[in-house]
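Chemist: Once you've had a glance at the structure underneath, I'll fire off some questions.
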Amino acid sequence: MLISHTHKFIYLKPMKVAGTTTEVFFKKYCIDPNKIPLFEKQLQQNKLDIDFHFPSEPQYGIINNGHNGDITYPQFNKPHMTCEEIIRAIGDDDRLREEIWEEYIKITNVRNPWDLLVSMWHWEKRKKNNSIWAQKVDFKEYAKHHWIISNLKKNQKIWAYQDKYNFEYIRFENLEEDILKVCKKIGINVTNLHLGNFKKINRKPYQEYYDEETKKIVGEVYKKEIDLFKYKF
């Protein structure tokens, strides 16, 4: 989650959609422009710890510092905040909410939902602090679990606010081109992105993981997104 007062955007980070790659790229536009070279240097030094601490400064914006926390804005230190959570975290000042939430451009990532769930399954199996169930469960059982369905629906609350899809969307499948389009819209002059490649997992094409039942589960949960973004299995 990011807020840039300099470029007037809010970045919302869904799960398993190249969100970390996108977030790391946009972080430097939420800090003092004079400190961008320092940020880039620290990023290179912390390639394996992408949540390294870089303090927010109120006049420039708010950056999510992951598990390291931020004593300035601790209410924003949650990696996948929904729209409602961000609005509550901004505070009770109606004027501030209107200025930030209503006027700033909202940016987020989307991804083919069937591909997304496969990526989520592989990620859960790799997490060392996860339960034995998450590490050993097969894909079909994983796709049917109520907790997983809940996580999929949480992405919907990041992709839209009050069921309105009026954000700038960066497609996982068209990452660099869409980021460049967003940069142009928010006034960031950049031609070479030099995007990082975080959390990538080598695996089979997502279609090979599904049977008719699991394919239907994803299709029902994400019907609106599939229709809106014209995704196909």
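Following the order of the structure tokens, chains are lettered A, B, ..., residues in each are numbered from 1, and ligands are numbered from 1.
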Using DSSP assignments from the backbone, pull out every residue in stretch 25-228 of chain A that falls under strand (DSSP E) and give it to me as a VMD selection string.

Modeler: chain A and resid 61 to 63 105 to 110 168 to 171

Chemist: Could you turn the residues from that selection into a file that holds N, CA, C and O atoms, as a PDB file, in the first residue's frame?

Modeler:
ATOM      1  N   GLY A  61       4.396  11.503   1.366  1.00  0.00           N
ATOM      2  CA  GLY A  61       3.538  10.343   1.193  1.00  0.00           C
ATOM      3  C   GLY A  61       3.714   9.314   2.285  1.00  0.00           C
ATOM      4  O   GLY A  61       4.349   9.559   3.318  1.00  0.00           O
ATOM      5  N   ILE A  62       3.142   8.142   2.044  1.00  0.00           N
ATOM      6  CA  ILE A  62       3.167   7.035   3.006  1.00  0.00           C
ATOM      7  C   ILE A  62       3.573   5.780   2.253  1.00  0.00           C
ATOM      8  O   ILE A  62       3.004   5.467   1.201  1.00  0.00           O
ATOM      9  N   ILE A  63       4.565   5.078   2.771  1.00  0.00           N
ATOM     10  CA  ILE A  63       4.963   3.818   2.154  1.00  0.00           C
ATOM     11  C   ILE A  63       4.804   2.696   3.165  1.00  0.00           C
ATOM     12  O   ILE A  63       5.015   2.878   4.365  1.00  0.00           O
ATOM     13  N   ILE A 105      -5.561   9.510  -7.698  1.00  0.00           N
ATOM     14  CA  ILE A 105      -5.762   8.395  -8.628  1.00  0.00           C
ATOM     15  C   ILE A 105      -5.450   7.082  -7.915  1.00  0.00           C
ATOM     16  O   ILE A 105      -4.403   6.943  -7.284  1.00  0.00           O
ATOM     17  N   LYS A 106      -6.359   6.143  -7.989  1.00  0.00           N
ATOM     18  CA  LYS A 106      -6.147   4.826  -7.387  1.00  0.00           C
ATOM     19  C   LYS A 106      -5.576   3.868  -8.445  1.00  0.00           C
ATOM     20  O   LYS A 106      -6.065   3.830  -9.573  1.00  0.00           O
ATOM     21  N   ILE A 107      -4.556   3.122  -8.034  1.00  0.00           N
ATOM     22  CA  ILE A 107      -3.856   2.202  -8.938  1.00  0.00           C
ATOM     23  C   ILE A 107      -3.826   0.821  -8.294  1.00  0.00           C
ATOM     24  O   ILE A 107      -3.579   0.696  -7.094  1.00  0.00           O
ATOM     25  N   THR A 108      -4.062  -0.202  -9.079  1.00  0.00           N
ATOM     26  CA  THR A 108      -3.948  -1.562  -8.554  1.00  0.00           C
ATOM     27  C   THR A 108      -3.605  -2.525  -9.693  1.00  0.00           C
ATOM     28  O   THR A 108      -3.543  -2.137 -10.854  1.00  0.00           O
ATOM     29  N   ASN A 109      -3.351  -3.782  -9.350  1.00  0.00           N
ATOM     30  CA  ASN A 109      -3.003  -4.811 -10.336  1.00  0.00           C
ATOM     31  C   ASN A 109      -4.134  -5.824 -10.463  1.00  0.00           C
ATOM     32  O   ASN A 109      -4.811  -6.133  -9.474  1.00  0.00           O
ATOM     33  N   VAL A 110      -4.312  -6.356 -11.664  1.00  0.00           N
ATOM     34  CA  VAL A 110      -5.245  -7.455 -11.888  1.00  0.00           C
ATOM     35  C   VAL A 110      -4.517  -8.584 -12.603  1.00  0.00           C
ATOM     36  O   VAL A 110      -3.462  -8.385 -13.194  1.00  0.00           O
ATOM     37  N   GLU A 168      -7.182   2.774 -11.899  1.00  0.00           N
ATOM     38  CA  GLU A 168      -6.252   2.474 -12.988  1.00  0.00           C
ATOM     39  C   GLU A 168      -5.733   1.058 -12.769  1.00  0.00           C
ATOM     40  O   GLU A 168      -5.156   0.760 -11.711  1.00  0.00           O
ATOM     41  N   TYR A 169      -5.944   0.172 -13.735  1.00  0.00           N
ATOM     42  CA  TYR A 169      -5.591  -1.237 -13.566  1.00  0.00           C
ATOM     43  C   TYR A 169      -4.350  -1.603 -14.371  1.00  0.00           C
ATOM     44  O   TYR A 169      -4.267  -1.315 -15.565  1.00  0.00           O
ATOM     45  N   ILE A 170      -3.416  -2.245 -13.681  1.00  0.00           N
ATOM     46  CA  ILE A 170      -2.190  -2.734 -14.307  1.00  0.00           C
ATOM     47  C   ILE A 170      -2.324  -4.252 -14.429  1.00  0.00           C
ATOM     48  O   ILE A 170      -2.415  -4.964 -13.428  1.00  0.00           O
ATOM     49  N   ARG A 171      -2.365  -4.740 -15.646  1.00  0.00           N
ATOM     50  CA  ARG A 171      -2.541  -6.179 -15.856  1.00  0.00           C
ATOM     51  C   ARG A 171      -1.217  -6.916 -15.654  1.00  0.00           C
ATOM     52  O   ARG A 171      -0.188  -6.494 -16.180  1.00  0.00           O
TER      53      ARG A 171
END

Chemist: Residues at most 10 Å from A:Thr6, counting only C-alpha atoms, excluding those fewer than 4 positions away in the same chain, as a PDB file with N, CA, C and O atoms, in the first residue's frame?

Modeler:
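Result file is part01.pdb:
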ATOM      1  N   TYR A  29       8.399   7.142  -5.533  1.00  0.00           N
ATOM      2  CA  TYR A  29       7.645   8.339  -5.875  1.00  0.00           C
ATOM      3  C   TYR A  29       6.747   8.792  -4.719  1.00  0.00           C
ATOM      4  O   TYR A  29       5.919   9.686  -4.891  1.00  0.00           O
ATOM      5  N   CYS A  30       6.937   8.168  -3.563  1.00  0.00           N
ATOM      6  CA  CYS A  30       6.193   8.535  -2.362  1.00  0.00           C
ATOM      7  C   CYS A  30       7.106   9.154  -1.303  1.00  0.00           C
ATOM      8  O   CYS A  30       6.688   9.348  -0.161  1.00  0.00           O
ATOM      9  N   ILE A  31       8.346   9.424  -1.659  1.00  0.00           N
ATOM     10  CA  ILE A  31       9.319   9.974  -0.725  1.00  0.00           C
ATOM     11  C   ILE A  31       9.887  11.291  -1.271  1.00  0.00           C
ATOM     12  O   ILE A  31       9.565  11.698  -2.392  1.00  0.00           O
ATOM     13  N   ASP A  32      10.713  11.922  -0.475  1.00  0.00           N
ATOM     14  CA  ASP A  32      11.411  13.134  -0.898  1.00  0.00           C
ATOM     15  C   ASP A  32      12.185  12.837  -2.187  1.00  0.00           C
ATOM     16  O   ASP A  32      13.026  11.934  -2.215  1.00  0.00           O
ATOM     17  N   PRO A  33      11.912  13.544  -3.283  1.00  0.00           N
ATOM     18  CA  PRO A  33      12.617  13.267  -4.547  1.00  0.00           C
ATOM     19  C   PRO A  33      14.134  13.299  -4.407  1.00  0.00           C
ATOM     20  O   PRO A  33      14.840  12.572  -5.120  1.00  0.00           O
ATOM     21  N   GLN A  59       4.894  15.051   4.321  1.00  0.00           N
ATOM     22  CA  GLN A  59       4.666  15.963   3.200  1.00  0.00           C
ATOM     23  C   GLN A  59       4.791  15.293   1.843  1.00  0.00           C
ATOM     24  O   GLN A  59       4.359  15.843   0.824  1.00  0.00           O
ATOM     25  N   TYR A  60       5.386  14.102   1.796  1.00  0.00           N
ATOM     26  CA  TYR A  60       5.601  13.435   0.516  1.00  0.00           C
ATOM     27  C   TYR A  60       4.705  12.219   0.307  1.00  0.00           C
ATOM     28  O   TYR A  60       4.325  11.922  -0.828  1.00  0.00           O
ATOM     29  N   GLY A  61       4.396  11.503   1.366  1.00  0.00           N
ATOM     30  CA  GLY A  61       3.538  10.343   1.193  1.00  0.00           C
ATOM     31  C   GLY A  61       3.714   9.314   2.285  1.00  0.00           C
ATOM     32  O   GLY A  61       4.349   9.559   3.318  1.00  0.00           O
ATOM     33  N   ILE A 186      -0.020  10.008 -14.209  1.00  0.00           N
ATOM     34  CA  ILE A 186       0.219  10.668 -12.924  1.00  0.00           C
ATOM     35  C   ILE A 186       1.434  11.587 -12.965  1.00  0.00           C
ATOM     36  O   ILE A 186       1.861  12.109 -11.928  1.00  0.00           O
ATOM     37  N   GLY A 187       1.993  11.794 -14.152  1.00  0.00           N
ATOM     38  CA  GLY A 187       3.051  12.767 -14.302  1.00  0.00           C
ATOM     39  C   GLY A 187       4.443  12.303 -13.946  1.00  0.00           C
ATOM     40  O   GLY A 187       5.295  13.101 -13.563  1.00  0.00           O
TER      41      GLY A 187
END

Chemist: Residues within 10 Å of stretch 140-145 of chain A, please, as an MDAnalysis selection string. Count only C-alpha atoms; anything in the same chain fewer than 4 positions from it doesn't count.

Modeler: chainID A and resid 117:118 120:121 124 133:134 136 149:150 152 209:211 213:215 217:218

Chemist: For A:Ala18, which of A:Gln45, A:Asn151, A:Ser119, A:Thr191 is the closest residue, counting only C-alpha atoms?

Modeler: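 With only C-alpha atoms as the atom set, the closest residue is A:Ser119.
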
Chemist: Determine the nearest neighbour of A:Ile148 from the options A:Leu116, A:Glu173, A:Val190, A:Asp163, counting only C-alpha atoms.

Modeler: A:Leu116

Chemist: Suppose you want the space between atom CA of A:Tyr206 and atom CA of A:Tyr161; what is it in Å?

Modeler: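 These two atoms are separated by 28.5 Å.
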
Chemist: Taking only C-alpha atoms into account, name the residue in A:Lys204, A:Lys13, A:Lys185, A:His122 that is nearest to A:Ala160.

Modeler: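 Counting only C-alpha atoms, the residue closest to A:Ala160 is A:Lys13.
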
Chemist: Could you tell me how far atom CA of A:Thr21 lies from atom CA of A:Arg111, in Å and to one decimal?

Modeler: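 Interatomic distance here is 13.7 Å.
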
Chemist: What is the atom CA of A:Glu85 to atom CA of A:Gly219 distance in Å?

Modeler: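 It comes out at 26.5 Å.
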
Chemist: In terms of the shortest atom-to-atom distance over only C-alpha atoms, which of A:Glu220, A:Asn192, A:Arg126, A:Tyr165 is closest to A:Glu177?

Modeler: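 Answer, going by the shortest atom-to-atom distance: A:Asn192.
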